[in-house]
$ cat query24.pdb   # PDB, C-alpha atoms
ATOM      1  CA  MET W   1      38.882  47.279 161.857
ATOM      2  CA  LYS W   2      40.796  49.254 164.487
ATOM      3  CA  ASP W   3      39.348  52.553 165.638
ATOM      4  CA  LEU W   4      40.918  55.099 163.318
ATOM      5  CA  HIS W   5      40.028  57.916 165.701
ATOM      6  CA  ASN W   6      42.704  56.551 168.034
ATOM      7  CA  ASP W   7      45.522  59.073 168.047
ATOM      8  CA  ALA W   8      48.827  57.300 168.648
ATOM      9  CA  ALA W   9      50.720  60.477 169.332
ATOM     10  CA  SER W  10      48.315  61.755 171.985
ATOM     11  CA  LEU W  11      48.391  58.370 173.697
ATOM     12  CA  ILE W  12      52.160  58.575 173.763
ATOM     13  CA  GLY W  13      52.058  62.027 175.288
ATOM     14  CA  GLU W  14      49.495  61.314 178.009
ATOM     15  CA  ALA W  15      50.349  57.909 179.400
ATOM     16  CA  GLU W  16      52.800  57.280 182.199
ATOM     17  CA  GLY W  17      54.796  54.178 183.017
ATOM     18  CA  ILE W  18      54.411  52.672 179.549
ATOM     19  CA  SER W  19      57.051  52.911 176.838
ATOM     20  CA  ARG W  20      56.441  54.999 173.734
ATOM     21  CA  ARG W  21      57.053  51.912 171.649
ATOM     22  CA  ASP W  22      54.432  49.858 173.501
ATOM     23  CA  LEU W  23      51.914  52.674 173.196
ATOM     24  CA  LEU W  24      52.491  52.953 169.478
ATOM     25  CA  LYS W  25      52.087  49.208 169.111
ATOM     26  CA  ALA W  26      48.781  49.411 170.964
ATOM     27  CA  ALA W  27      47.514  52.184 168.712
ATOM     28  CA  LEU W  28      48.593  50.535 165.472
ATOM     29  CA  GLY W  29      47.528  47.003 166.345
ATOM     30  CA  SER W  30      49.579  44.161 167.805
ATOM     31  CA  GLY W  31      49.627  42.059 164.660
ATOM     32  CA  PHE W  32      50.621  45.022 162.541
ATOM     33  CA  ALA W  33      53.365  45.988 164.966
ATOM     34  CA  ALA W  34      54.713  42.439 164.960
ATOM     35  CA  ALA W  35      54.951  42.576 161.192
ATOM     36  CA  VAL W  36      57.102  45.696 161.122
ATOM     37  CA  LEU W  37      59.104  45.593 164.367
ATOM     38  CA  PRO W  38      61.114  47.365 165.566
ATOM     39  CA  VAL W  39      58.748  50.321 165.738
ATOM     40  CA  ALA W  40      60.454  53.732 165.813
ATOM     41  CA  ALA W  41      58.041  55.636 168.044
ATOM     42  CA  GLU W  42      60.381  58.572 168.570
ATOM     43  CA  THR W  43      60.046  59.792 164.990
ATOM     44  CA  VAL W  44      56.259  59.516 164.631
ATOM     45  CA  VAL W  45      54.678  62.649 163.166
ATOM     46  CA  LYS W  46      51.521  63.875 164.909
ATOM     47  CA  THR W  47      48.891  65.857 163.015
ATOM     48  CA  ASP W  48      45.878  66.712 165.143
ATOM     49  CA  ALA W  49      42.334  67.061 163.848
ATOM     50  CA  GLU W  50      41.612  70.534 165.214
ATOM     51  CA  GLY W  51      39.663  72.471 162.592
ATOM     52  CA  LEU W  52      39.174  69.335 160.516
ATOM     53  CA  THR W  53      36.348  66.935 159.929
ATOM     54  CA  ALA W  54      38.111  63.603 160.339
ATOM     55  CA  GLY W  55      37.032  60.026 160.896
ATOM     56  CA  THR W  56      35.718  56.936 159.168
ATOM     57  CA  VAL W  57      32.911  56.986 156.620
ATOM     58  CA  THR W  58      31.480  54.072 154.657
ATOM     59  CA  VAL W  59      31.243  53.804 150.878
ATOM     60  CA  THR W  60      29.146  50.912 149.588
ATOM     61  CA  VAL W  61      30.532  49.096 146.534
ATOM     62  CA  ASP W  62      28.418  46.315 145.008
ATOM     63  CA  GLY W  63      26.673  45.934 148.336
ATOM     64  CA  TYR W  64      29.892  45.795 150.382
ATOM     65  CA  PRO W  65      30.596  48.536 152.954
ATOM     66  CA  VAL W  66      34.146  49.799 152.408
ATOM     67  CA  PRO W  67      35.504  51.841 155.359
ATOM     68  CA  VAL W  68      37.255  55.055 154.304
ATOM     69  CA  TYR W  69      39.232  57.391 156.541
ATOM     70  CA  ARG W  70      38.215  60.936 155.590
ATOM     71  CA  ALA W  71      39.946  64.185 156.575
ATOM     72  CA  GLN W  72      39.078  67.670 155.323
ATOM     73  CA  PRO W  73      38.850  71.281 156.486
ATOM     74  CA  ALA W  74      35.662  71.531 158.526
ATOM     75  CA  GLY W  75      32.700  73.132 156.780
ATOM     76  CA  LYS W  76      34.415  73.539 153.408
ATOM     77  CA  THR W  77      33.170  72.428 149.987
ATOM     78  CA  GLY W  78      34.590  72.469 146.467
ATOM     79  CA  LEU W  79      37.759  70.892 147.821
ATOM     80  CA  PRO W  80      40.459  69.268 145.707
ATOM     81  CA  VAL W  81      40.502  65.518 146.331
ATOM     82  CA  ILE W  82      43.471  63.314 147.218
ATOM     83  CA  LEU W  83      43.185  59.536 147.352
ATOM     84  CA  VAL W  84      45.683  58.197 149.907
ATOM     85  CA  ILE W  85      46.550  54.555 149.199
ATOM     86  CA  SER W  86      48.070  52.554 152.023
ATOM     87  CA  GLU W  87      50.953  50.150 152.295
ATOM     88  CA  ILE W  88      50.197  46.452 152.720
ATOM     89  CA  PHE W  89      49.557  47.154 156.405
ATOM     90  CA  GLY W  90      46.268  48.913 155.674
ATOM     91  CA  VAL W  91      44.729  52.101 156.996
ATOM     92  CA  HIS W  92      46.344  52.476 160.401
ATOM     93  CA  GLU W  93      47.355  55.615 162.282
ATOM     94  CA  TYR W  94      50.246  56.568 159.966
ATOM     95  CA  ILE W  95      47.987  56.593 156.899
ATOM     96  CA  ALA W  96      45.280  58.475 158.813
ATOM     97  CA  ASP W  97      47.885  61.051 159.805
ATOM     98  CA  VAL W  98      48.981  61.477 156.184
ATOM     99  CA  ALA W  99      45.339  62.138 155.295
ATOM    100  CA  ARG W 100      45.157  64.803 158.003
ATOM    101  CA  ARG W 101      48.350  66.381 156.661
ATOM    102  CA  PHE W 102      46.673  66.772 153.274
ATOM    103  CA  ALA W 103      43.522  68.119 154.932
ATOM    104  CA  ARG W 104      45.620  70.801 156.602
ATOM    105  CA  GLN W 105      46.708  71.824 153.100
ATOM    106  CA  GLY W 106      43.080  72.293 152.042
ATOM    107  CA  TYR W 107      42.335  68.872 150.549
ATOM    108  CA  LEU W 108      39.553  66.361 150.987
ATOM    109  CA  ALA W 109      41.767  63.349 151.690
ATOM    110  CA  LEU W 110      40.325  59.843 151.463
ATOM    111  CA  ALA W 111      42.122  56.667 152.543
ATOM    112  CA  PRO W 112      39.980  53.596 151.787
ATOM    113  CA  ASN W 113      40.471  50.196 153.381
ATOM    114  CA  LEU W 114      41.096  48.353 150.136
ATOM    115  CA  PHE W 115      41.737  45.025 151.892
ATOM    116  CA  ALA W 116      38.443  44.988 153.791
ATOM    117  CA  ARG W 117      36.947  42.003 151.943
ATOM    118  CA  GLN W 118      40.056  39.864 152.262
ATOM    119  CA  GLY W 119      40.803  40.464 155.950
ATOM    120  CA  ASP W 120      42.434  42.704 158.539
ATOM    121  CA  PRO W 121      46.176  43.256 158.001
ATOM    122  CA  GLN W 122      46.534  44.185 161.659
ATOM    123  CA  LYS W 123      45.648  40.643 162.703
ATOM    124  CA  GLU W 124      48.471  39.019 160.743
ATOM    125  CA  THR W 125      51.604  38.117 162.679
ATOM    126  CA  SER W 126      54.202  38.335 159.907
ATOM    127  CA  ILE W 127      54.696  39.958 156.537
ATOM    128  CA  ALA W 128      54.803  36.517 154.885
ATOM    129  CA  GLU W 129      51.402  35.623 156.344
ATOM    130  CA  LEU W 130      50.020  39.027 155.434
ATOM    131  CA  GLN W 131      51.115  38.599 151.823
ATOM    132  CA  LYS W 132      49.747  35.066 151.649
ATOM    133  CA  ASN W 133      46.437  35.536 153.449
ATOM    134  CA  ILE W 134      45.397  38.993 152.275
ATOM    135  CA  ILE W 135      47.510  40.909 149.771
ATOM    136  CA  SER W 136      47.830  38.133 147.176
ATOM    137  CA  LYS W 137      44.043  37.755 147.153
ATOM    138  CA  VAL W 138      43.212  41.384 146.305
ATOM    139  CA  PRO W 139      42.407  41.798 142.576
ATOM    140  CA  ASP W 140      43.463  45.047 140.937
ATOM    141  CA  ILE W 141      40.010  45.339 139.352
ATOM    142  CA  GLN W 142      38.431  45.273 142.817
ATOM    143  CA  VAL W 143      40.704  48.121 143.887
ATOM    144  CA  PHE W 144      39.766  50.143 140.810
ATOM    145  CA  LYS W 145      36.051  49.691 141.504
ATOM    146  CA  ASP W 146      36.473  50.674 145.137
ATOM    147  CA  LEU W 147      38.437  53.785 144.209
ATOM    148  CA  ASP W 148      35.898  54.712 141.527
ATOM    149  CA  ALA W 149      33.196  54.548 144.187
ATOM    150  CA  VAL W 150      35.259  56.635 146.606
ATOM    151  CA  VAL W 151      35.746  59.282 143.904
ATOM    152  CA  ALA W 152      31.994  59.312 143.261
ATOM    153  CA  TRP W 153      31.387  59.718 147.007
ATOM    154  CA  ALA W 154      33.858  62.612 147.110
ATOM    155  CA  LYS W 155      31.993  64.458 144.365
ATOM    156  CA  GLN W 156      28.788  64.217 146.385
ATOM    157  CA  ASN W 157      30.400  65.213 149.678
ATOM    158  CA  GLY W 158      32.308  68.424 149.165
ATOM    159  CA  GLY W 159      34.952  67.336 146.662
ATOM    160  CA  SER W 160      35.726  69.052 143.362
ATOM    161  CA  ALA W 161      35.097  66.783 140.378
ATOM    162  CA  ASP W 162      37.915  68.273 138.302
ATOM    163  CA  LYS W 163      40.674  68.329 140.935
ATOM    164  CA  LEU W 164      41.521  64.701 141.610
ATOM    165  CA  GLY W 165      44.935  63.472 142.699
ATOM    166  CA  ILE W 166      46.271  60.200 144.076
ATOM    167  CA  THR W 167      49.243  59.231 146.207
ATOM    168  CA  GLY W 168      50.302  55.926 147.688
ATOM    169  CA  PHE W 169      53.066  54.151 149.570
ATOM    170  CA  CYS W 170      54.687  50.810 148.679
ATOM    171  CA  TRP W 171      51.675  48.668 147.589
ATOM    172  CA  GLY W 172      49.810  51.947 147.257
ATOM    173  CA  GLY W 173      52.630  53.373 145.164
ATOM    174  CA  ARG W 174      52.143  50.634 142.587
ATOM    175  CA  MET W 175      48.413  51.275 142.662
ATOM    176  CA  THR W 176      48.978  55.010 142.144
ATOM    177  CA  TRP W 177      50.479  54.350 138.708
ATOM    178  CA  LEU W 178      47.778  51.845 137.786
ATOM    179  CA  TYR W 179      44.770  53.842 138.941
ATOM    180  CA  ALA W 180      46.009  56.951 137.154
ATOM    181  CA  ALA W 181      46.017  54.864 133.970
ATOM    182  CA  HIS W 182      42.567  53.460 134.775
ATOM    183  CA  ASN W 183      40.753  56.715 135.570
ATOM    184  CA  PRO W 184      41.155  59.605 133.103
ATOM    185  CA  ALA W 185      39.818  62.011 135.750
ATOM    186  CA  VAL W 186      43.073  61.740 137.714
ATOM    187  CA  LYS W 187      45.010  64.941 137.079
ATOM    188  CA  ALA W 188      48.250  63.965 138.830
ATOM    189  CA  GLY W 189      49.763  61.400 141.169
ATOM    190  CA  VAL W 190      52.702  60.858 143.498
ATOM    191  CA  ALA W 191      53.961  57.282 143.869
ATOM    192  CA  TRP W 192      56.182  56.547 146.855
ATOM    193  CA  TYR W 193      58.438  53.517 146.227
ATOM    194  CA  GLY W 194      55.796  51.407 144.498
ATOM    195  CA  ARG W 195      56.796  48.255 142.622
ATOM    196  CA  LEU W 196      57.092  48.857 138.874
ATOM    197  CA  LEU W 197      57.598  45.370 137.401
ATOM    198  CA  GLY W 198      56.095  41.972 138.105
ATOM    199  CA  GLU W 199      54.660  38.756 136.783
ATOM    200  CA  ALA W 200      51.182  38.932 135.297
ATOM    201  CA  SER W 201      48.483  37.006 137.152
ATOM    202  CA  ALA W 202      44.701  36.868 137.301
ATOM    203  CA  ASN W 203      44.639  39.378 140.155
ATOM    204  CA  THR W 204      47.490  41.549 138.851
ATOM    205  CA  PRO W 205      47.288  41.367 135.040
ATOM    206  CA  ARG W 206      49.338  44.530 134.485
ATOM    207  CA  HIS W 207      52.017  46.457 136.302
ATOM    208  CA  PRO W 208      53.118  50.097 136.063
ATOM    209  CA  VAL W 209      55.675  49.386 133.345
ATOM    210  CA  ASP W 210      52.863  47.960 131.207
ATOM    211  CA  VAL W 211      50.767  51.146 131.346
ATOM    212  CA  ALA W 212      53.583  53.698 131.300
ATOM    213  CA  ALA W 213      53.586  54.517 127.601
ATOM    214  CA  ALA W 214      49.831  55.161 127.487
ATOM    215  CA  LEU W 215      49.692  57.090 130.750
ATOM    216  CA  LYS W 216      48.104  60.540 130.483
ATOM    217  CA  ALA W 217      48.345  61.880 134.034
ATOM    218  CA  PRO W 218      51.757  63.088 135.236
ATOM    219  CA  ILE W 219      53.109  60.927 138.051
ATOM    220  CA  LEU W 220      55.991  61.859 140.328
ATOM    221  CA  GLY W 221      57.870  58.764 141.481
ATOM    222  CA  LEU W 222      59.739  59.114 144.781
ATOM    223  CA  TYR W 223      62.134  56.192 145.201
ATOM    224  CA  GLY W 224      65.178  55.190 147.238
ATOM    225  CA  ALA W 225      68.473  54.193 145.656
ATOM    226  CA  LYS W 226      69.059  51.673 148.451
ATOM    227  CA  ASP W 227      65.687  49.953 148.038
ATOM    228  CA  SER W 228      66.637  46.295 147.605
ATOM    229  CA  GLY W 229      63.096  45.364 146.593
ATOM    230  CA  ILE W 230      62.884  47.934 143.798
ATOM    231  CA  PRO W 231      66.276  47.983 142.063
ATOM    232  CA  LEU W 232      67.237  51.019 140.054
ATOM    233  CA  ASP W 233      67.278  49.014 136.827
ATOM    234  CA  SER W 234      63.503  48.636 137.182
ATOM    235  CA  VAL W 235      63.236  52.417 137.494
ATOM    236  CA  GLU W 236      65.276  52.746 134.299
ATOM    237  CA  LYS W 237      62.925  50.348 132.496
ATOM    238  CA  MET W 238      59.978  52.415 133.682
ATOM    239  CA  LYS W 239      61.626  55.612 132.482
ATOM    240  CA  ALA W 240      62.172  54.067 129.049
ATOM    241  CA  GLU W 241      58.485  53.157 128.779
ATOM    242  CA  LEU W 242      57.374  56.574 130.020
ATOM    243  CA  ALA W 243      59.550  58.180 127.346
ATOM    244  CA  LYS W 244      57.329  56.541 124.712
ATOM    245  CA  GLY W 245      54.368  58.580 125.970
ATOM    246  CA  LYS W 246      53.602  62.170 126.860
ATOM    247  CA  SER W 247      52.461  62.069 130.500
ATOM    248  CA  GLY W 248      55.325  64.190 131.782
ATOM    249  CA  SER W 249      55.964  61.730 134.592
ATOM    250  CA  THR W 250      59.328  61.820 136.317
ATOM    251  CA  PHE W 251      61.346  60.327 139.173
ATOM    252  CA  VAL W 252      63.296  61.649 142.124
ATOM    253  CA  ILE W 253      65.800  59.125 143.474
ATOM    254  CA  TYR W 254      67.024  59.612 147.050
ATOM    255  CA  GLU W 255      70.563  58.300 147.204
ATOM    256  CA  ASN W 256      70.656  57.649 150.955
ATOM    257  CA  ALA W 257      67.175  56.156 151.283
ATOM    258  CA  GLY W 258      65.853  52.630 151.073
ATOM    259  CA  HIS W 259      62.295  51.397 151.035
ATOM    260  CA  ALA W 260      59.604  53.114 153.155
ATOM    261  CA  PHE W 261      61.690  56.202 153.813
ATOM    262  CA  HIS W 262      58.540  58.251 154.406
ATOM    263  CA  ALA W 263      57.160  55.842 157.045
ATOM    264  CA  ASP W 264      57.910  57.850 160.186
ATOM    265  CA  TYR W 265      56.922  54.993 162.521
ATOM    266  CA  ARG W 266      59.555  52.603 161.138
ATOM    267  CA  PRO W 267      63.362  52.447 161.324
ATOM    268  CA  SER W 268      63.432  52.907 157.527
ATOM    269  CA  TYR W 269      62.373  56.544 157.986
ATOM    270  CA  VAL W 270      64.762  59.122 156.529
ATOM    271  CA  GLU W 271      63.584  62.459 157.849
ATOM    272  CA  ALA W 272      65.314  64.754 155.361
ATOM    273  CA  ASP W 273      64.171  62.768 152.339
ATOM    274  CA  ALA W 274      60.651  62.309 153.715
ATOM    275  CA  LYS W 275      60.278  66.050 154.219
ATOM    276  CA  ASP W 276      61.745  66.830 150.809
ATOM    277  CA  GLY W 277      59.437  64.283 149.164
ATOM    278  CA  TRP W 278      56.408  65.725 150.940
ATOM    279  CA  LYS W 279      57.236  69.232 149.733
ATOM    280  CA  ARG W 280      57.743  67.941 146.203
ATOM    281  CA  ALA W 281      54.417  66.087 146.372
ATOM    282  CA  LEU W 282      52.510  69.199 147.405
ATOM    283  CA  ASP W 283      54.244  71.251 144.712
ATOM    284  CA  TRP W 284      53.512  68.555 142.107
ATOM    285  CA  PHE W 285      49.802  68.576 142.851
ATOM    286  CA  LYS W 286      49.644  72.357 142.742
ATOM    287  CA  GLN W 287      51.641  72.459 139.513
ATOM    288  CA  HIS W 288      49.223  70.067 137.829
ATOM    289  CA  GLY W 289      45.958  71.586 138.982
ATOM    290  CA  VAL W 290      45.139  69.486 142.027
ATOM    291  CA  ALA W 291      44.872  72.310 144.546
TER     292      ALA W 291
END
$ encode --input "query24.pdb" --output "structure tokens"
Amino acid sequence: MKDLHNDAASLIGEAEGISRRDLLKAALGSGFAAAVLPVAAETVVKTDAEGLTAGTVTVTVDGYPVPVYRAQPAGKTGLPVILVISEIFGVHEYIADVARRFARQGYLALAPNLFARQGDPQKETSIAELQKNIISKVPDIQVFKDLDAVVAWAKQNGGSADKLGITGFCWGGRMTWLYAAHNPAVKAGVAWYGRLLGEASANTPRHPVDVAAALKAPILGLYGAKDSGIPLDSVEKMKAELAKGKSGSTFVIYENAGHAFHADYRPSYVEADAKDGWKRALDWFKQHGVA
């Protein structure tokens, strides 16, 4: 696993004679960068760790050491907890930075490497290979167990047991819906452009649309109207299922955004919508008692 203490933004600021793009690629991992090129280094958001306790901890699940990037206000306890669930590219600098952003808002933010058993996404050279070699082999039940263990760790390490939230991006957006249905302790979630429909399989027996009606925790879905991978008709199907329940979940659709509009290191980034979504996410968690 790459060193998550590596700060891409500070590398960019200090080095001379090397392009910002090449520096970002070095910080994120060459395989990862190849999978998502072109990298948009100019828009990368930097959140430093001053005043925070930040770095990688290990949570053991059934004997396996799962690395977790942790960020929180230094010396504080009784903190609300946010699980930060990555894209298919794993816990790289962007996800670590998101965790630090939550820590600056007073949260204990935890971003577990949920692909650790299957491999390192940063070593894959294409999205197709990444999907084939790692993502398709990750069972939802394994993810649930890992997240359950991370929540238990949080309770023993400064986190508040009754203030649990979850947010995730792309693959992590799908998992946000599913884990909120799995764990009744989740008080609220924010799903960023996570897939809602899909074929059932041994590793993915259910999808968000299948758990929508029974969902208890309110989830805010932040999605792009121009997302070719998540068409708006799938959002409408999800809304119809949610209407059968009482979770209070809702969607915000950004008309000028496609997929990954919050990912500030990629050309898909839409600054105005990313900032609006972030504000809405923070407000959502506060509104529903995760603060």
$ atom_distance --input "query24.pdb" --atom1 "CA of Ile219 (chain W)" --atom2 "CA of Lys137 (chain W)"
26.5 Å
$ atom_distance --input "query24.pdb" --atom1 "CA of Gly165 (chain W)" --atom2 "CA of Gly248 (chain W)"
15.1 Å
$ resolve_selection --input "query24.pdb" --expression "the PyMOL selection byres ((chain W and resi 263) around 10)" --output "PyMOL selection string"
chain W and resi 40+43-45+87+94-95+98+169+259-262+264-271+274
$ write_last_selection --input "query24.pdb" --atoms "C-alpha atoms" --output "compact mmCIF listing (two decimals), keeping the file's coordinate frame"
# COMPACT_ATOMS: atom_id res chain seq x y z
CA ALA W 40 60.45 53.73 165.81
CA THR W 43 60.05 59.79 164.99
CA VAL W 44 56.26 59.52 164.63
CA VAL W 45 54.68 62.65 163.17
CA GLU W 87 50.95 50.15 152.29
CA TYR W 94 50.25 56.57 159.97
CA ILE W 95 47.99 56.59 156.90
CA VAL W 98 48.98 61.48 156.18
CA PHE W 169 53.07 54.15 149.57
CA HIS W 259 62.30 51.40 151.04
CA ALA W 260 59.60 53.11 153.16
CA PHE W 261 61.69 56.20 153.81
CA HIS W 262 58.54 58.25 154.41
CA ASP W 264 57.91 57.85 160.19
CA TYR W 265 56.92 54.99 162.52
CA ARG W 266 59.56 52.60 161.14
CA PRO W 267 63.36 52.45 161.32
CA SER W 268 63.43 52.91 157.53
CA TYR W 269 62.37 56.54 157.99
CA VAL W 270 64.76 59.12 156.53
CA GLU W 271 63.58 62.46 157.85
CA ALA W 274 60.65 62.31 153.72
$ closest_atom_pairs --input "query24.pdb" --of "region 166-279 of chain W" --to "region 138-154 of chain W" --cutoff "7 Å" --atoms "only C-alpha atoms" --output "Markdown table"
| residue | atom | partner | partner_atom | distance |
| --- | --- | --- | --- | --- |
| W:Tyr179 | CA | W:Phe144 | CA | 6.5 |
| W:Asn203 | CA | W:Pro139 | CA | 4.1 |
| W:Thr204 | CA | W:Asp140 | CA | 5.7 |
$ atom_distance --input "query24.pdb" --atom1 "CA of Pro80 (chain W)" --atom2 "CA of Lys216 (chain W)"
19.1 Å
$ axis_aligned_box --input "query24.pdb" --around "region 129-136 of chain W" --padding-each-side "3 Å" --output "AutoDock Vina command-line options"
--center_x 48.4 --center_y 38.0 --center_z 151.8 --size_x 12.0 --size_y 11.8 --size_z 15.2
$ residues_near_point --input "query24.pdb" --point "(45.5, 69.3, 153.1)" --cutoff "10 Å" --atoms "all atoms listed in the file" --output "CSV table (one decimal) with C-alpha atoms, in the coordinates of the input"
chain,number,residue,atom,x,y,z
W,52,LEU,CA,39.2,69.3,160.5
W,71,ALA,CA,39.9,64.2,156.6
W,72,GLN,CA,39.1,67.7,155.3
W,73,PRO,CA,38.8,71.3,156.5
W,79,LEU,CA,37.8,70.9,147.8
W,80,PRO,CA,40.5,69.3,145.7
W,81,VAL,CA,40.5,65.5,146.3
W,82,ILE,CA,43.5,63.3,147.2
W,98,VAL,CA,49.0,61.5,156.2
W,99,ALA,CA,45.3,62.1,155.3
W,100,ARG,CA,45.2,64.8,158.0
W,101,ARG,CA,48.4,66.4,156.7
W,102,PHE,CA,46.7,66.8,153.3
W,103,ALA,CA,43.5,68.1,154.9
W,104,ARG,CA,45.6,70.8,156.6
W,105,GLN,CA,46.7,71.8,153.1
W,106,GLY,CA,43.1,72.3,152.0
W,107,TYR,CA,42.3,68.9,150.5
W,108,LEU,CA,39.6,66.4,151.0
W,109,ALA,CA,41.8,63.3,151.7
W,282,LEU,CA,52.5,69.2,147.4
W,291,ALA,CA,44.9,72.3,144.5
$ resolve_selection --input "query24.pdb" --expression "the PyMOL selection byres ((chain W and resi 222-237) around 8)" --output "PyMOL selection string"
chain W and resi 190-197+209+220-221+238-241+251-259+261+277
$ write_last_selection --input "query24.pdb" --atoms "C-alpha atoms" --output "compact mmCIF listing (two decimals), in the coordinates of the input"
# COMPACT_ATOMS: atom_id res chain seq x y z
CA VAL W 190 52.70 60.86 143.50
CA ALA W 191 53.96 57.28 143.87
CA TRP W 192 56.18 56.55 146.85
CA TYR W 193 58.44 53.52 146.23
CA GLY W 194 55.80 51.41 144.50
CA ARG W 195 56.80 48.26 142.62
CA LEU W 196 57.09 48.86 138.87
CA LEU W 197 57.60 45.37 137.40
CA VAL W 209 55.68 49.39 133.34
CA LEU W 220 55.99 61.86 140.33
CA GLY W 221 57.87 58.76 141.48
CA MET W 238 59.98 52.42 133.68
CA LYS W 239 61.63 55.61 132.48
CA ALA W 240 62.17 54.07 129.05
CA GLU W 241 58.48 53.16 128.78
CA PHE W 251 61.35 60.33 139.17
CA VAL W 252 63.30 61.65 142.12
CA ILE W 253 65.80 59.12 143.47
CA TYR W 254 67.02 59.61 147.05
CA GLU W 255 70.56 58.30 147.20
CA ASN W 256 70.66 57.65 150.96
CA ALA W 257 67.18 56.16 151.28
CA GLY W 258 65.85 52.63 151.07
CA HIS W 259 62.30 51.40 151.04
CA PHE W 261 61.69 56.20 153.81
CA GLY W 277 59.44 64.28 149.16
$ closest_residue --input "query24.pdb" --among "W:Val57, W:Gly78, W:Asp273, W:Phe115" --to "Lys155 (chain W)" --atoms "all atoms listed in the file"
W:Gly78
$ residues_around --input "query24.pdb" --residues "Ala213 (chain W)" --least-positions-apart "4" --cutoff "6 Å" --atoms "all atoms listed in the file" --output "list in words"
Glu241, Leu242, Lys244 and Gly245 of chain W
$ residues_around --input "query24.pdb" --residues "Ala180 (chain W)" --least-positions-apart "5" --cutoff "9 Å" --atoms "all atoms listed in the file" --output "JSON list (two decimals) with C-alpha atoms, in the coordinates of the input"
[["chain", "number", "residue", "atom", "x", "y", "z"],
["W", 165, "GLY", "CA", 44.94, 63.47, 142.70],
["W", 166, "ILE", "CA", 46.27, 60.20, 144.08],
["W", 175, "MET", "CA", 48.41, 51.28, 142.66],
["W", 185, "ALA", "CA", 39.82, 62.01, 135.75],
["W", 186, "VAL", "CA", 43.07, 61.74, 137.71],
["W", 187, "LYS", "CA", 45.01, 64.94, 137.08],
["W", 188, "ALA", "CA", 48.25, 63.96, 138.83],
["W", 189, "GLY", "CA", 49.76, 61.40, 141.17],
["W", 215, "LEU", "CA", 49.69, 57.09, 130.75],
["W", 216, "LYS", "CA", 48.10, 60.54, 130.48],
["W", 217, "ALA", "CA", 48.34, 61.88, 134.03],
["W", 218, "PRO", "CA", 51.76, 63.09, 135.24],
["W", 219, "ILE", "CA", 53.11, 60.93, 138.05]]
$ closest_residue --input "query24.pdb" --among "W:Val61, W:Leu83, W:Ala111, W:Ile134" --to "Ala96 (chain W)" --atoms "only C-alpha atoms"
W:Ala111
$ decode --input "query24.pdb" --residues "region 141-150 of chain W" --atoms "N, CA, C and O atoms" --output "compact mmCIF listing (two decimals), in the first residue's frame"
# COMPACT_ATOMS: atom_id res chain seq x y z
N ILE W 141 -20.45 -8.73 1.57
CA ILE W 141 -20.46 -9.17 2.97
C ILE W 141 -19.10 -8.93 3.62
O ILE W 141 -19.02 -8.61 4.82
N GLN W 142 -18.03 -9.06 2.85
CA GLN W 142 -16.70 -8.75 3.37
C GLN W 142 -16.59 -7.28 3.72
O GLN W 142 -16.04 -6.91 4.77
N VAL W 143 -17.13 -6.43 2.85
CA VAL W 143 -17.10 -4.99 3.11
C VAL W 143 -17.88 -4.66 4.38
O VAL W 143 -17.42 -3.87 5.22
N PHE W 144 -19.04 -5.26 4.53
CA PHE W 144 -19.85 -5.01 5.73
C PHE W 144 -19.08 -5.39 7.00
O PHE W 144 -19.08 -4.65 7.98
N LYS W 145 -18.44 -6.55 6.98
CA LYS W 145 -17.68 -7.00 8.15
C LYS W 145 -16.52 -6.06 8.45
O LYS W 145 -16.24 -5.75 9.62
N ASP W 146 -15.84 -5.62 7.41
CA ASP W 146 -14.73 -4.69 7.61
C ASP W 146 -15.23 -3.38 8.21
O ASP W 146 -14.63 -2.84 9.16
N LEU W 147 -16.33 -2.87 7.68
CA LEU W 147 -16.86 -1.60 8.19
C LEU W 147 -17.39 -1.77 9.61
O LEU W 147 -17.23 -0.86 10.44
N ASP W 148 -18.00 -2.89 9.91
CA ASP W 148 -18.44 -3.15 11.29
C ASP W 148 -17.25 -3.10 12.25
O ASP W 148 -17.34 -2.54 13.35
N ALA W 149 -16.14 -3.67 11.82
CA ALA W 149 -14.95 -3.68 12.67
C ALA W 149 -14.36 -2.28 12.81
O ALA W 149 -13.88 -1.91 13.89
N VAL W 150 -14.41 -1.51 11.75
CA VAL W 150 -13.92 -0.12 11.81
C VAL W 150 -14.78 0.71 12.76
O VAL W 150 -14.27 1.52 13.54
